[in-house]
file run.txt (compact mmCIF, C-alpha atoms and all ligand atoms)
# COMPACT_ATOMS: atom_id res chain seq x y z
CA MET A 26 -8.66 -87.80 141.17
CA SER A 27 -10.91 -85.05 139.86
CA THR A 28 -11.65 -85.04 136.19
CA ASN A 29 -13.86 -82.85 134.03
CA ALA A 30 -13.23 -84.86 130.93
CA SER A 31 -15.85 -87.09 129.46
CA MET A 32 -14.40 -90.44 128.51
CA VAL A 33 -15.73 -91.74 125.19
CA SER A 34 -14.91 -95.20 123.90
CA ALA A 35 -13.08 -95.11 120.57
CA SER A 36 -15.46 -97.78 119.28
CA LEU A 37 -18.57 -95.69 120.03
CA ASP A 38 -20.50 -94.40 117.03
CA GLY A 39 -19.85 -90.70 116.82
CA ALA A 40 -16.58 -90.74 118.80
CA ILE A 41 -14.67 -89.46 115.79
CA GLU A 42 -17.23 -86.70 115.11
CA GLN A 43 -17.16 -85.56 118.74
CA ALA A 44 -13.37 -85.34 118.68
CA VAL A 45 -13.32 -83.45 115.37
CA GLU A 46 -15.96 -81.00 116.62
CA LYS A 47 -13.87 -80.21 119.72
CA LEU A 48 -10.68 -79.84 117.70
CA MET A 49 -12.41 -77.51 115.23
CA ALA A 50 -13.63 -75.42 118.15
CA GLY A 51 -10.01 -75.03 119.32
CA ASP A 52 -10.34 -77.42 122.26
CA LEU A 53 -7.95 -80.16 123.32
CA VAL A 54 -8.79 -83.87 122.97
CA ALA A 55 -6.77 -86.78 124.37
CA VAL A 56 -6.44 -89.46 121.70
CA PRO A 57 -5.06 -93.01 121.68
CA THR A 58 -2.06 -93.95 119.56
CA GLU A 59 -0.16 -97.23 119.40
CA THR A 60 2.63 -95.78 121.59
CA VAL A 61 1.13 -93.57 124.33
CA TYR A 62 -1.93 -91.31 124.54
CA GLY A 63 -1.56 -87.89 122.90
CA LEU A 64 -2.96 -84.51 123.97
CA ALA A 65 -4.19 -83.19 120.65
CA ALA A 66 -4.95 -79.74 119.24
CA ASP A 67 -5.58 -78.55 115.70
CA ALA A 68 -1.98 -77.95 114.57
CA LEU A 69 -3.01 -74.95 112.47
CA ASN A 70 -4.71 -73.15 115.35
CA GLY A 71 -2.13 -71.25 117.43
CA ASP A 72 -4.54 -70.56 120.31
CA ALA A 73 -5.42 -74.24 120.56
CA VAL A 74 -1.74 -75.23 120.45
CA ALA A 75 -1.01 -72.75 123.26
CA LYS A 76 -3.49 -74.66 125.43
CA ILE A 77 -1.33 -77.79 125.11
CA PHE A 78 1.68 -75.97 126.56
CA ASN A 79 -0.48 -74.55 129.38
CA VAL A 80 -2.14 -77.81 130.35
CA LYS A 81 1.12 -79.77 130.28
CA GLY A 82 3.20 -77.07 131.92
CA ARG A 83 5.55 -77.58 128.99
CA PRO A 84 8.34 -75.11 128.25
CA ALA A 85 7.62 -73.21 125.03
CA PHE A 86 11.02 -74.20 123.61
CA ASN A 87 10.01 -77.87 123.46
CA PRO A 88 8.41 -78.53 120.06
CA LEU A 89 5.46 -80.86 119.39
CA ILE A 90 4.96 -83.72 116.94
CA CYS A 91 2.46 -83.17 114.11
CA HIS A 92 0.38 -86.29 113.61
CA VAL A 93 -0.74 -86.89 110.04
CA ALA A 94 -3.18 -89.30 108.43
CA SER A 95 -0.84 -90.34 105.60
CA PRO A 96 2.56 -89.71 103.98
CA GLU A 97 0.72 -87.48 101.47
CA MET A 98 -0.48 -85.24 104.29
CA ALA A 99 3.08 -85.05 105.68
CA ALA A 100 4.34 -83.95 102.27
CA ASP A 101 2.14 -80.84 102.50
CA TYR A 102 4.12 -79.66 105.52
CA VAL A 103 7.71 -80.98 105.40
CA GLN A 104 10.38 -81.76 102.83
CA CYS A 105 10.15 -85.45 101.99
CA SER A 106 13.50 -86.64 100.69
CA GLU A 107 13.85 -90.05 99.09
CA THR A 108 15.12 -91.37 102.42
CA ALA A 109 12.14 -89.92 104.28
CA GLY A 110 9.78 -91.42 101.70
CA LYS A 111 11.32 -94.86 102.09
CA LEU A 112 11.03 -94.71 105.88
CA MET A 113 7.40 -93.59 105.66
CA ALA A 114 6.61 -96.41 103.24
CA ALA A 115 8.29 -98.97 105.48
CA PHE A 116 7.15 -97.86 108.93
CA TRP A 117 3.94 -95.79 108.60
CA PRO A 118 1.48 -96.00 110.08
CA GLY A 119 3.71 -96.77 113.05
CA PRO A 120 5.96 -95.55 115.84
CA LEU A 121 8.50 -93.55 113.83
CA THR A 122 8.65 -89.75 113.98
CA ILE A 123 10.56 -87.95 111.23
CA VAL A 124 12.00 -84.47 111.78
CA SER A 125 12.53 -82.67 108.49
CA LYS A 126 12.68 -79.12 107.16
CA SER A 127 9.29 -77.37 107.21
CA LEU A 128 7.88 -76.19 103.91
CA LYS A 129 7.73 -72.41 103.65
CA HIS A 130 4.02 -72.30 102.92
CA SER A 131 3.20 -74.62 105.83
CA LYS A 132 0.31 -73.20 107.86
CA VAL A 133 1.26 -75.09 111.01
CA ALA A 134 1.16 -72.75 114.02
CA PRO A 135 4.75 -71.61 114.76
CA ALA A 136 4.44 -72.70 118.41
CA VAL A 137 4.21 -76.34 117.27
CA SER A 138 7.84 -76.36 116.16
CA ALA A 139 8.90 -73.90 118.90
CA GLY A 140 10.16 -71.59 116.17
CA LEU A 141 12.53 -74.19 114.65
CA GLU A 142 12.86 -74.52 110.87
CA THR A 143 12.10 -78.21 111.17
CA LEU A 144 8.88 -80.03 111.98
CA ALA A 145 8.36 -83.49 113.48
CA VAL A 146 5.76 -85.62 111.66
CA ARG A 147 4.34 -89.02 112.51
CA CYS A 148 1.47 -91.16 111.26
CA PRO A 149 0.08 -93.09 114.23
CA ASP A 150 -0.99 -96.71 113.91
CA ASN A 151 -4.45 -96.16 115.37
CA ASP A 152 -7.42 -96.20 113.00
CA VAL A 153 -9.65 -93.95 115.10
CA THR A 154 -7.01 -91.27 115.57
CA ARG A 155 -6.00 -91.40 111.92
CA ASN A 156 -9.67 -90.99 111.01
CA ILE A 157 -9.96 -88.00 113.33
CA ILE A 158 -7.02 -86.38 111.53
CA HIS A 159 -8.47 -87.32 108.15
CA GLU A 160 -11.86 -85.80 109.02
CA LEU A 161 -10.23 -82.66 110.42
CA GLY A 162 -8.40 -82.45 107.10
CA HIS A 163 -5.01 -81.48 108.48
CA PRO A 164 -2.55 -82.49 111.21
CA ILE A 165 -3.04 -82.50 114.95
CA ALA A 166 -0.20 -81.46 117.23
CA ALA A 167 0.02 -83.96 120.07
CA PRO A 168 2.58 -84.49 122.79
CA SER A 169 2.12 -87.31 125.28
CA ALA A 170 -0.98 -86.58 127.39
CA ASN A 171 0.80 -86.12 130.73
CA LYS A 172 2.12 -83.22 132.76
CA SER A 173 5.56 -82.20 131.49
CA GLY A 174 8.37 -84.39 132.88
CA LYS A 175 6.05 -87.11 134.19
CA LEU A 176 5.36 -90.65 132.99
CA SER A 177 3.59 -90.91 129.64
CA PRO A 178 0.06 -92.37 129.84
CA THR A 179 -0.68 -95.75 128.28
CA THR A 180 -4.31 -95.92 129.41
CA ALA A 181 -7.22 -93.47 129.28
CA ALA A 182 -7.43 -93.67 133.09
CA SER A 183 -3.83 -92.43 133.37
CA VAL A 184 -4.68 -89.54 131.04
CA ALA A 185 -7.65 -88.64 133.26
CA ALA A 186 -5.45 -88.76 136.37
CA SER A 187 -2.82 -86.51 134.81
CA VAL A 188 -4.67 -83.88 132.75
CA GLY A 189 -8.36 -84.87 133.10
CA ALA A 190 -9.20 -81.83 135.20
CA GLU A 191 -8.13 -79.49 132.41
CA ILE A 192 -9.56 -81.04 129.25
CA SER A 193 -13.08 -81.98 128.25
CA LEU A 194 -12.75 -85.10 126.09
CA ILE A 195 -10.69 -88.30 126.27
CA ILE A 196 -11.08 -90.90 123.54
CA ASP A 197 -10.54 -94.27 125.22
CA GLY A 198 -8.86 -96.73 122.87
CA GLY A 199 -7.83 -99.16 125.61
CA PRO A 200 -4.26 -99.82 126.76
CA THR A 201 -1.67 -98.91 124.13
CA ASP A 202 0.26 -101.66 122.33
CA VAL A 203 3.79 -100.30 122.16
CA GLY A 204 3.89 -98.55 125.53
CA ILE A 205 6.80 -96.15 124.98
CA GLU A 206 6.98 -93.14 122.70
CA SER A 207 7.93 -93.28 119.04
CA THR A 208 11.48 -93.44 117.73
CA ILE A 209 12.50 -89.95 116.50
CA VAL A 210 14.97 -89.43 113.66
CA SER A 211 15.96 -86.23 111.96
CA ILE A 212 16.65 -86.32 108.25
CA GLU A 213 18.87 -83.64 106.81
CA ASP A 214 20.20 -84.07 103.27
CA ASP A 215 19.61 -87.81 103.73
CA LYS A 216 21.74 -87.80 106.88
CA ILE A 217 19.78 -89.68 109.54
CA THR A 218 20.27 -88.87 113.22
CA LEU A 219 18.58 -90.75 116.04
CA LEU A 220 17.05 -88.16 118.39
CA ARG A 221 15.05 -90.55 120.60
CA PRO A 222 15.28 -94.36 120.61
CA GLY A 223 12.05 -96.34 120.40
CA THR A 224 10.82 -99.76 119.35
CA ILE A 225 11.85 -99.11 115.74
CA THR A 226 15.61 -99.45 116.18
CA ALA A 227 18.54 -97.92 114.31
CA ASP A 228 19.16 -101.38 112.82
CA ASP A 229 15.56 -101.53 111.57
CA ILE A 230 16.11 -98.18 109.84
CA VAL A 231 19.43 -99.20 108.28
CA GLY A 232 17.66 -102.36 107.10
CA VAL A 233 15.38 -100.17 104.96
CA VAL A 234 17.61 -97.34 103.75
CA GLY A 235 21.13 -98.70 104.22
CA GLY A 236 23.94 -96.35 105.26
CA LYS A 237 24.09 -95.54 108.93
CA VAL A 238 22.12 -93.83 111.63
CA LEU A 239 24.12 -91.22 113.53
CA ASP A 240 23.84 -90.88 117.26
CA ARG A 241 22.89 -87.43 118.36
CA ASP A 242 25.62 -85.67 120.28
CA SER A 243 24.30 -86.14 123.78
CA ASN A 244 25.68 -82.74 124.79
CA VAL A 245 23.29 -81.05 122.42
CA ILE A 246 19.65 -81.05 123.40
CA SER A 247 18.00 -81.19 120.00
CA ALA A 248 14.80 -82.83 121.25
CA PRO A 249 14.03 -81.36 124.64
CA GLY A 250 12.44 -84.65 125.73
CA GLN A 251 16.11 -85.53 125.98
CA LEU A 252 16.48 -83.25 129.00
CA ALA A 253 18.15 -85.56 131.50
CA SER A 254 15.29 -85.81 133.98
CA HIS A 255 12.07 -86.86 132.31
CA TYR A 256 9.45 -89.56 132.82
CA ALA A 257 10.07 -89.00 136.51
CA PRO A 258 8.09 -90.89 139.13
CA ALA A 259 7.91 -89.19 142.54
CA ALA A 260 10.08 -91.87 144.21
CA PRO A 261 13.83 -92.08 143.46
CA VAL A 262 14.67 -94.79 140.92
CA LEU A 263 17.69 -97.16 141.15
CA LEU A 264 18.74 -99.02 138.01
CA ASN A 265 20.49 -102.35 137.32
CA GLN A 266 19.60 -103.86 140.67
CA THR A 267 19.95 -107.63 140.83
CA ALA A 268 18.15 -108.25 144.11
CA PRO A 269 15.22 -106.63 145.89
CA SER A 270 16.31 -103.99 148.38
CA SER A 271 13.98 -101.85 150.42
CA GLY A 272 11.10 -100.23 148.53
CA ILE A 273 9.51 -101.65 145.41
CA PHE A 274 11.45 -103.97 143.11
CA VAL A 275 10.63 -104.10 139.39
CA GLY A 276 11.92 -107.34 137.90
CA PHE A 277 12.61 -108.49 134.37
CA GLY A 278 12.85 -112.07 133.10
CA ASP A 279 14.23 -114.41 135.76
CA VAL A 280 14.88 -111.55 138.15
CA GLU A 281 11.66 -111.61 140.13
CA GLY A 282 10.19 -108.54 141.82
CA ASP A 283 7.00 -106.95 143.14
CA TYR A 284 6.28 -106.37 139.47
CA ASN A 285 7.92 -107.96 136.43
CA LEU A 286 8.24 -106.02 133.15
CA SER A 287 8.26 -109.33 131.26
CA PRO A 288 8.58 -112.66 133.07
CA SER A 289 9.65 -114.30 129.79
CA GLY A 290 12.30 -111.63 129.15
CA ASN A 291 10.52 -110.24 126.08
CA LEU A 292 11.63 -106.64 125.41
CA ALA A 293 8.51 -105.60 123.44
CA GLU A 294 6.37 -106.76 126.36
CA ALA A 295 8.64 -104.90 128.79
CA ALA A 296 8.24 -101.68 126.75
CA ARG A 297 4.46 -102.15 126.72
CA ASN A 298 4.38 -102.53 130.52
CA LEU A 299 7.08 -100.01 131.44
CA PHE A 300 5.18 -96.81 132.22
CA GLU A 301 2.16 -98.51 133.77
CA ILE A 302 4.38 -100.57 136.10
CA LEU A 303 6.45 -97.50 137.02
CA ARG A 304 3.20 -95.69 137.76
CA LYS A 305 1.95 -98.50 140.03
CA ALA A 306 5.37 -98.83 141.66
CA ASP A 307 5.35 -95.10 142.33
CA ILE A 308 2.00 -95.33 144.10
CA ALA A 309 3.18 -98.32 146.16
CA ALA A 310 6.74 -97.12 146.87
CA SER A 311 7.45 -95.75 150.32
CA ASP A 312 11.07 -94.93 149.50
CA VAL A 313 12.73 -96.15 146.29
CA ILE A 314 11.86 -97.99 143.09
CA ALA A 315 14.62 -100.47 142.20
CA VAL A 316 14.69 -101.90 138.68
CA ALA A 317 16.37 -105.09 137.39
CA PRO A 318 18.93 -104.88 134.55
CA ILE A 319 17.46 -104.70 131.04
CA PRO A 320 19.66 -105.96 128.17
CA ASN A 321 20.88 -102.92 126.23
CA GLU A 322 20.09 -104.24 122.76
CA GLY A 323 17.20 -103.81 120.31
CA ILE A 324 14.16 -102.37 122.08
CA GLY A 325 16.15 -102.57 125.34
CA ILE A 326 18.06 -99.46 124.23
CA ALA A 327 14.82 -97.42 124.29
CA ILE A 328 13.72 -98.94 127.60
CA ASN A 329 17.07 -98.10 129.21
CA ASP A 330 16.85 -94.57 127.77
CA ARG A 331 13.51 -94.03 129.53
CA LEU A 332 14.76 -95.67 132.75
CA ARG A 333 17.88 -93.48 132.86
CA ARG A 334 15.72 -90.37 132.58
CA ALA A 335 13.38 -91.68 135.29
CA ALA A 336 16.45 -92.19 137.52
CA ALA A 337 18.23 -88.91 136.68
CA PRO A 338 18.64 -86.27 139.39
CA ARG A 339 15.61 -83.96 139.35
CA PRO A 340 16.50 -80.37 138.49
CA ASP A 341 14.42 -78.93 141.31
CA ALA A 342 11.42 -80.00 143.31
CA SER A 343 8.97 -77.72 141.48
CA ASN A 344 9.93 -79.27 138.18
CA ALA A 345 9.97 -82.90 139.34
O1 LIG B 1 4.89 -91.72 120.46
C1 LIG B 1 4.97 -90.49 120.47
O2 LIG B 1 5.81 -89.87 119.82
C2 LIG B 1 3.96 -89.73 121.35
C3 LIG B 1 2.55 -89.96 120.79
C4 LIG B 1 1.51 -89.12 121.47
O3 LIG B 1 2.54 -89.75 119.41
N1 LIG B 1 4.26 -88.34 121.38
C5 LIG B 1 5.29 -87.84 122.08
O4 LIG B 1 5.35 -86.46 122.07
O5 LIG B 1 6.10 -88.52 122.69
P1 LIG B 1 6.23 -85.63 123.09
O6 LIG B 1 5.86 -84.22 122.87
O7 LIG B 1 6.04 -86.17 124.46
O8 LIG B 1 7.68 -85.86 122.58
C6 LIG B 1 8.04 -85.29 121.33
C7 LIG B 1 9.53 -85.14 121.24
C8 LIG B 1 10.08 -84.10 122.18
O9 LIG B 1 11.25 -84.62 122.78
C9 LIG B 1 10.41 -82.95 121.25
O10 LIG B 1 11.48 -82.19 121.72
C10 LIG B 1 10.75 -83.67 119.96
O11 LIG B 1 9.81 -84.70 119.91
N2 LIG B 1 10.58 -82.82 118.78
C11 LIG B 1 9.44 -82.33 118.26
N3 LIG B 1 9.68 -81.52 117.19
C12 LIG B 1 11.02 -81.52 117.02
C13 LIG B 1 11.88 -80.89 116.10
N4 LIG B 1 11.44 -80.09 115.13
N5 LIG B 1 13.21 -81.11 116.21
C14 LIG B 1 13.69 -81.94 117.20
N6 LIG B 1 12.91 -82.56 118.11
C15 LIG B 1 11.59 -82.35 118.03
MG MG B 2 6.26 -86.69 126.38

call {"tool": "encode", "arguments": {"input": "run.txt", "output": "structure tokens"}}
result
Amino acid sequence: MSTNASMVSASLDGAIEQAVEKLMAGDLVAVPTETVYGLAADALNGDAVAKIFNVKGRPAFNPLICHVASPEMAADYVQCSETAGKLMAAFWPGPLTIVSKSLKHSKVAPAVSAGLETLAVRCPDNDVTRNIIHELGHPIAAPSANKSGKLSPTTAASVAASVGAEISLIIDGGPTDVGIESTIVSIEDDKITLLRPGTITADDIVGVVGGKVLDRDSNVISAPGQLASHYAPAAPVLLNQTAPSSGIFVGFGDVEGDYNLSPSGNLAEAARNLFEILRKADIAASDVIAVAPIPNEGIGIAINDRLRRAAAPRPDASNA
């Protein structure tokens, strides 16, 4: 796979400075987070943000997450209600994205929020990336560092394979811990709606702020990552299979396969392995990828969400 990007270890002296220099020059940098790798641009630089949409082939109506170094930085850009503040205190840095009303004076490039009045903010649990943001002095906009609609990258090598030909710097922080993208909630007048499930569950959120977490109306696409087909491998995907068929079988727990998301049946481990195993299965699969049932509870809800999108009918071949 051709790549122009230089790969710099996150632990290398000067890695942060190199990344900040690129971002200040309006270039893109792939950065590690605890969930998946992000494709970052200076969120205040509209030309730089436009490059993200070009490189990913992402529709302009699909907004990006602003990654901040702290809750204080978030408060410069979005309304922070008491509920939002409690969630930030409990879960940041960590895999929770909060969508809230943008502040009027926010200088974030309008393309980041695709013209919406809200902005998604998240403080990633990765010291190097938080330091990059801190040194830059304001947020970076960063979607997952893959081509639109494809599997999110959990290693620097997967970033290089997906977008390495079109960017010049990848910060390699090793394989990511969480493995699937952050939980996204919107907060509107203290009403919390789950827009994308992740490893921080609705129950975890209720545990901190009480009340309830509303399910988004699945007929309304409020986070375009919710478009039915997403995270799509090239091979067709069959879910809830209990025995190997033809093709590649991805097991879970006691259900053995060519790969196993977690032999011990641990859902956090299965989330961590999900995209990398789907990627390997996709390379190995001659016809289909069959996947064992995953319990639909806790983190399993987010895993099944990603699997359903991987299995959904593809809108058309050019978009697959
Ligand atoms: O874990 C993550 O969240 C990763 C890492 C890199 O931080 N990022 C990520 O970004 O998954 P992306 O662009 O692949 O997914 C962001 C999702 C999209 O579904 C987008 O539609 C939604 O966030 N989103 C962003 N801003 C929004 C807004 N203002 N209102 C509703 N949804 C929004
Ligand atoms: Mg993505």

call {"tool": "atom_distance", "arguments": {"input": "run.txt", "atom1": "CA of Ile123 in chain A", "atom2": "CA of Glu213 in chain A"}}
result
10.4 Å

call {"tool": "closest_atom_pairs", "arguments": {"input": "run.txt", "of": "chain A", "to": "ligand LIG 1 (chain B)", "cutoff": "8 Å", "atoms": "all atoms listed in the file", "output": "tab-separated table"}}
result
residue	atom	partner	partner_atom	distance
A:Val56	CA	B:LIG1	C4	8.0
A:Pro57	CA	B:LIG1	C4	7.6
A:Thr58	CA	B:LIG1	C3	6.2
A:Glu59	CA	B:LIG1	O1	7.5
A:Thr60	CA	B:LIG1	O1	4.8
A:Val61	CA	B:LIG1	C3	5.3
A:Tyr62	CA	B:LIG1	C4	5.1
A:Gly63	CA	B:LIG1	C4	3.6
A:Leu64	CA	B:LIG1	C4	6.9
A:Asn87	CA	B:LIG1	O10	4.9
A:Pro88	CA	B:LIG1	C11	4.3
A:Leu89	CA	B:LIG1	C11	4.4
A:Ile90	CA	B:LIG1	C11	4.9
A:His92	CA	B:LIG1	O3	7.1
A:Pro120	CA	B:LIG1	O1	6.1
A:Leu121	CA	B:LIG1	O2	7.5
A:Thr122	CA	B:LIG1	O2	6.5
A:Val124	CA	B:LIG1	N4	5.5
A:Ser125	CA	B:LIG1	N4	7.2
A:Val137	CA	B:LIG1	N3	7.5
A:Ser138	CA	B:LIG1	N4	5.3
A:Ala139	CA	B:LIG1	N4	7.7
A:Leu141	CA	B:LIG1	N4	6.0
A:Glu142	CA	B:LIG1	N4	7.2
A:Thr143	CA	B:LIG1	N4	4.4
A:Leu144	CA	B:LIG1	N4	4.1
A:Ala145	CA	B:LIG1	N3	4.4
A:Val146	CA	B:LIG1	N3	7.9
A:Arg147	CA	B:LIG1	O3	7.2
A:Pro149	CA	B:LIG1	O3	6.6
A:Ala167	CA	B:LIG1	C4	5.6
A:Pro168	CA	B:LIG1	O6	3.3
A:Ser169	CA	B:LIG1	O7	4.2
A:Ala170	CA	B:LIG1	C4	6.9
A:Ser177	CA	B:LIG1	O7	7.4
A:Ile205	CA	B:LIG1	O1	6.6
A:Glu206	CA	B:LIG1	O1	3.4
A:Ser207	CA	B:LIG1	O1	3.7
A:Thr208	CA	B:LIG1	O2	7.0
A:Ile209	CA	B:LIG1	O11	6.8
A:Ser211	CA	B:LIG1	C14	7.1
A:Leu220	CA	B:LIG1	N6	7.0
A:Arg221	CA	B:LIG1	O9	7.4
A:Ser247	CA	B:LIG1	C14	5.2
A:Ala248	CA	B:LIG1	O10	3.4
A:Pro249	CA	B:LIG1	O10	4.0
A:Gly250	CA	B:LIG1	O9	3.2
A:Gln251	CA	B:LIG1	O9	5.9

call {"tool": "residues_around", "arguments": {"input": "run.txt", "residues": "range 180-195 of chain A", "least_positions_apart": "5", "cutoff": "9 Å", "atoms": "only C-alpha atoms", "output": "ChimeraX atom specification"}}
result
/A:26-34,43-44,47,52-57,61-64,80-81,170-172,175,200-201,301,304

call {"tool": "write_last_selection", "arguments": {"input": "run.txt", "atoms": "C-alpha atoms", "output": "compact mmCIF listing (two decimals), keeping the file's coordinate frame"}}
result
# COMPACT_ATOMS: atom_id res chain seq x y z
CA MET A 26 -8.66 -87.80 141.17
CA SER A 27 -10.91 -85.05 139.86
CA THR A 28 -11.65 -85.04 136.19
CA ASN A 29 -13.86 -82.85 134.03
CA ALA A 30 -13.23 -84.86 130.93
CA SER A 31 -15.85 -87.09 129.46
CA MET A 32 -14.40 -90.44 128.51
CA VAL A 33 -15.73 -91.74 125.19
CA SER A 34 -14.91 -95.20 123.90
CA GLN A 43 -17.16 -85.56 118.74
CA ALA A 44 -13.37 -85.34 118.68
CA LYS A 47 -13.87 -80.21 119.72
CA ASP A 52 -10.34 -77.42 122.26
CA LEU A 53 -7.95 -80.16 123.32
CA VAL A 54 -8.79 -83.87 122.97
CA ALA A 55 -6.77 -86.78 124.37
CA VAL A 56 -6.44 -89.46 121.70
CA PRO A 57 -5.06 -93.01 121.68
CA VAL A 61 1.13 -93.57 124.33
CA TYR A 62 -1.93 -91.31 124.54
CA GLY A 63 -1.56 -87.89 122.90
CA LEU A 64 -2.96 -84.51 123.97
CA VAL A 80 -2.14 -77.81 130.35
CA LYS A 81 1.12 -79.77 130.28
CA ALA A 170 -0.98 -86.58 127.39
CA ASN A 171 0.80 -86.12 130.73
CA LYS A 172 2.12 -83.22 132.76
CA LYS A 175 6.05 -87.11 134.19
CA PRO A 200 -4.26 -99.82 126.76
CA THR A 201 -1.67 -98.91 124.13
CA GLU A 301 2.16 -98.51 133.77
CA ARG A 304 3.20 -95.69 137.76

call {"tool": "closest_residue", "arguments": {"input": "run.txt", "among": "A:Ala40, A:Leu176, A:Ile308, A:Ala134", "to": "ligand MG 2 (chain B)", "atoms": "only C-alpha atoms and all ligand atoms"}}
result
A:Leu176

call {"tool": "atom_distance", "arguments": {"input": "run.txt", "atom1": "CA of Leu264 in chain A", "atom2": "CA of Pro320 in chain A"}}
result
12.1 Å

call {"tool": "atom_distance", "arguments": {"input": "run.txt", "atom1": "CA of Met49 in chain A", "atom2": "CA of Leu161 in chain A"}}
result
7.4 Å

call {"tool": "closest_residue", "arguments": {"input": "run.txt", "among": "A:Asp312, A:Glu42, A:Asp229, A:Asp215", "to": "Ala260 in chain A", "atoms": "all atoms listed in the file"}}
result
A:Asp312

call {"tool": "closest_residue", "arguments": {"input": "run.txt", "among": "A:Ile77, A:Val280, A:Val234, A:Val316", "to": "ligand MG 2 (chain B)", "atoms": "only C-alpha atoms and all ligand atoms"}}
result
A:Ile77

call {"tool": "closest_residue", "arguments": {"input": "run.txt", "among": "A:Pro338, A:Pro84, A:Pro164, A:Gly323", "to": "Tyr102 in chain A", "atoms": "all atoms listed in the file"}}
result
A:Pro164

call {"tool": "residues_around", "arguments": {"input": "run.txt", "residues": "Ala50 in chain A", "least_positions_apart": "5", "cutoff": "9 Å", "atoms": "only C-alpha atoms", "output": "compact mmCIF listing (two decimals) with C-alpha atoms, in the coordinates of the input"}}
result
# COMPACT_ATOMS: atom_id res chain seq x y z
CA VAL A 45 -13.32 -83.45 115.37
CA ASP A 67 -5.58 -78.55 115.70
CA ALA A 73 -5.42 -74.24 120.56

call {"tool": "residues_around", "arguments": {"input": "run.txt", "residues": "Arg241 in chain A", "least_positions_apart": "2", "cutoff": "7 Å", "atoms": "only C-alpha atoms", "output": "PyMOL selection string"}}
result
chain A and resi 218-220+239+243

call {"tool": "write_last_selection", "arguments": {"input": "run.txt", "atoms": "C-alpha atoms", "output": "mmCIF file, in the frame of the given file"}}
result
data_model
loop_
_atom_site.group_PDB
_atom_site.id
_atom_site.type_symbol
_atom_site.label_atom_id
_atom_site.label_comp_id
_atom_site.auth_asym_id
_atom_site.auth_seq_id
_atom_site.Cartn_x
_atom_site.Cartn_y
_atom_site.Cartn_z
ATOM 1 C CA THR A 218 20.270 -88.870 113.220
ATOM 2 C CA LEU A 219 18.580 -90.750 116.040
ATOM 3 C CA LEU A 220 17.050 -88.160 118.390
ATOM 4 C CA LEU A 239 24.120 -91.220 113.530
ATOM 5 C CA SER A 243 24.300 -86.140 123.780
#

call {"tool": "residues_around", "arguments": {"input": "run.txt", "residues": "Ala35 in chain A", "least_positions_apart": "2", "cutoff": "6 Å", "atoms": "all atoms listed in the file", "output": "MDAnalysis selection string"}}
result
chainID A and resid 37 40 196:198
